[in-house]
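Trainee: Take a look at this one; I'll ask things after.
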Amino acid sequence: MSTAVERFHENEFVKKKTVFTTEGFIIEGECFHVAPYNQRLYLELDTPAGVVGGIFLGFMSQLGKWGFHREKVEEWMEVSPANPTHYQMTIQQKQQLEGQIKAGLAGIASAVSDFELLFHDLRKYREFMEYFNKIERGKKENKPELIAEGTQTLKAIFVDQVDVHTGEGVALKLIAPRWPTIIADFMKLKPEDIDPKKIAEKYRVSEAEGVVLATKNKLFLVWADRIKETVLGRFERIRGLMEARKKSIEEYKTMLTPYITRYRYIREFGETPEGRRAMEAASWIKPAGTLLITSAEMQTIWVWRAFAPPELFKAAAEVISELPGTPLPKKSIFKIPFPREFKEWIRVEYDRIKEKFSSVSVSPTGIEPLDKWVLLLFPEIEKKYKIKFALSDILEAREKFLDQYNTYAWNWVRSPYFMVLELPITKLSFRVDGKEFETLILSPKMKSYIDTQNIILLRMLELKAKERELENYISEMLGETVKSETIKNIIKGEYPFLMGEEEKKPEVLKEKKPSKAEEFIRRTLGLDIRFFKPGKYETHFDDRISGQYMREMADYLWVPTLRYLKGAVGVPGL
């Protein structure tokens, strides 16, 4: 159940650049994602039944008052038969949701079947609509060729599908051996050609054939007039029924979505290999086959806040003075200092995104969060969650991230550094000797991080990936995707020339070679020297980050957190 952010340090490019190896990674001047050794803790709190929920909700509320942004990353649960009431209620709710989902899917399948039948009928009537439309257009625009083209097609249909059923000796196809050119002559007739003698003279045919042609032309004109009224009426009715079926399919899917979402959230530990291993590791809760635990709930919460340490005779950073909700200034997307690869991606996809992202927010810190490290590491998130980010997904996550500077304007500063708290929360309920109690475990470790804003943006992208994962699950249940691949993309793989072009992604980030001067100094003096600062963040980790920033994190995040949690369970002095 590890997150993608926890595995970024395994990236080969990150390994090469990491200056100091610890929990996370440090790339001086470019990005920080590191947890101080003295701000990691395993905490276990035992309380009477019903108390843990209050502690958790109170703590989340207090973090909001302290100005922290809060996000739930994971949620799992396990209910055992040791608590029959809770167990039956959970199982019953899950079974009820299963029944509602099955009934809804059956309704969708029936509506789709009806829609396909109507679509087949509509297609046949649409052909007639095209013919009549061509004739009427020719009359209004005074284009005889259009009238002739539409009429010829209708005559062909009349001969093949209507007149052929009039019987032997009467149908044009069946009397063609007597008059080999009769069908061709019929196709030449005009609407005014209804007199047998005039037809015989005009087209140089026998009077007997003229009588037959006049009769057939009269029948055709009557049929064409009546079929026109019939086609218009039926086309309108079928089109209405199709729109109704289409709407009902959409409504069925909309109605089913909350049921599937609730069903998905009732996730048990045994659903994944990691969860099953965790249950095996906790085998001590059932000594001699007697189950002690009644329920287990697990959540992973991320909270963060921008900060900067105070310095003597110097303002740490500018406090945002605007009221919460005030939008940040915007610039054209081409004037934002994005990496070259990302700008190329924007140029390729600009027509798709210009309506929403022709201009984007300017970073209030003066440092662009969407840098080369975001481009390098977001594919790791795609691999973990088996999704593909569109350009709009990344820009949307960036806008949502920058908006936090004003959402929490009363106690955020315009700093590119963030104090982050990762809370892996497990709530266990026990029943021993007829008595119930609860345990709140912050495990495997509650820890704080210092993250630069590019890492926070990656966290936002991971949260978006989890949203997409849930959407893909719902889409698969509704038959819109298969293993996170849209039906359209599957067809595109089978018939690549029939579908549109794929959205292009930026090229893979490549490590830049050192300059000739740097290479000469490295070879002659053995020094790995850089003439320019590698990035816009701090480069002196020992002096600045560990000496000042981490102390500030301890004062404003770590110590208050411990005091609150211990005080909530009545630790003396707190």
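So you can find residues: chains in the structure tokens are A, B, ... in the order shown, residues in each start at 1, and ligands are numbered from 1 in order.
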Tell me, as a list in words, which residues lie within 6 Å of Ile147 (chain A), counting only C-alpha atoms; anything in the same chain fewer than 2 positions away does not count.
Mentor: Ile135, Gly138, Pro144, Glu145, Glu149 and Gly150 of chain A
Trainee: In Å, rounded to a single decimal, give me how far CA of Leu442 (chain A) is from CA of Ile91 (chain A).
Mentor: 27.2 Å
Trainee: Excluding Leu402 (chain A) and any residue of its chain fewer than 3 positions from it, enumerate the residues within 8 Å of it, using only C-alpha atoms, and give them as a PyMOL selection string.
Mentor: chain A and resi 361+363-364+398-399+405-406
Trainee: How many Å lie between CA of Glu74 (chain A) and CA of Lys464 (chain A), rounded to one decimal?
Mentor: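 Going from CA of Glu74 (chain A) over to CA of Lys464 (chain A), I get 12.7 Å.
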Trainee: Could you list, as a list in words, every residue within 9 Å of region 252-255 of chain A, counting only C-alpha atoms and ignoring same-chain residues fewer than 6 positions away?
Mentor: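 In the requested form, the answer reads Gly104, Leu105, Gly107, Ile108 and Leu478 of chain A.
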Trainee: Please provide as a PyMOL selection string all residues within 12 Å of Phe59 (chain A), with the sequence filter that same-chain residues fewer than 4 positions apart are discarded (counting only C-alpha atoms).
Mentor: chain A and resi 52-55+63-66+68+70+301+303+423+425+560-568
Trainee: Go ahead and compute the interatomic distance for CA of Glu12 (chain A) and CA of Phe25 (chain A), in Å to one decimal.
Mentor: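 According to the coordinates, CA of Glu12 (chain A) and CA of Phe25 (chain A) are separated by 12.1 Å.
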Trainee: Enumerate, as a ChimeraX atom specification, the complete set of residues in region 142-244 of chain A that a backbone-based DSSP assignment places in helix (DSSP H, G or I).
Mentor: /A:144-166,172-175,182-188,196-203,207-244
Trainee: For each of A:Ala106, A:Val205, A:Ala224, A:Ile387, take the minimum atom-to-atom distance to Asn472 (chain A), counting only C-alpha atoms, then give the residue where this is smallest.
Mentor: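 Looking at the shortest contact to Asn472 (chain A), the residue is A:Ile387.
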Trainee: As JSON, numbers by chain, please: the residues near Ile450 (chain A) (cut-off 9 Å, only C-alpha atoms, same-chain neighbours under 5 positions excluded).
Mentor: {"A": [32, 33, 34, 35, 36, 417, 418, 419, 420, 421, 545, 549, 550, 553]}
Trainee: Kindly save the residues from that selection, with C-alpha atoms included, as a compact mmCIF listing (two decimals), in the first residue's frame.
Mentor:
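After the write, out.txt holds the following:
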```txt
# COMPACT_ATOMS: atom_id res chain seq x y z
CA PHE A 32 13.99 18.33 -1.24
CA HIS A 33 11.91 15.45 0.03
CA VAL A 34 13.39 14.41 3.34
CA ALA A 35 12.15 13.36 6.78
CA PRO A 36 14.27 14.42 9.80
CA TYR A 417 9.11 25.08 1.09
CA PHE A 418 6.46 22.98 2.78
CA MET A 419 6.19 21.16 6.09
CA VAL A 420 4.40 17.88 5.44
CA LEU A 421 2.97 15.35 7.87
CA ILE A 545 17.65 23.11 5.81
CA TYR A 549 13.89 24.81 8.38
CA MET A 550 13.68 21.54 10.30
CA MET A 553 8.95 22.25 11.41
```
Trainee: For Tyr263 (chain A), which of A:Phe437, A:Phe541, A:Tyr473, A:Phe307 is the closest residue, counting only C-alpha atoms?
Mentor: A:Tyr473
Trainee: Using only C-alpha atoms, which of the listed residues (A:Pro424, A:Gly24, A:Pro337, A:Pro416) sits closest to Leu41 (chain A)?
Mentor: A:Pro424
Trainee: Which residues are close to Asp403 (chain A), i.e. within 12 Å by only C-alpha atoms, leaving aside same-chain residues fewer than 2 positions away? Reply as a VMD selection string.
Mentor: chain A and resid 69 324 to 330 360 to 364 396 to 401 405 to 409 412 414 457
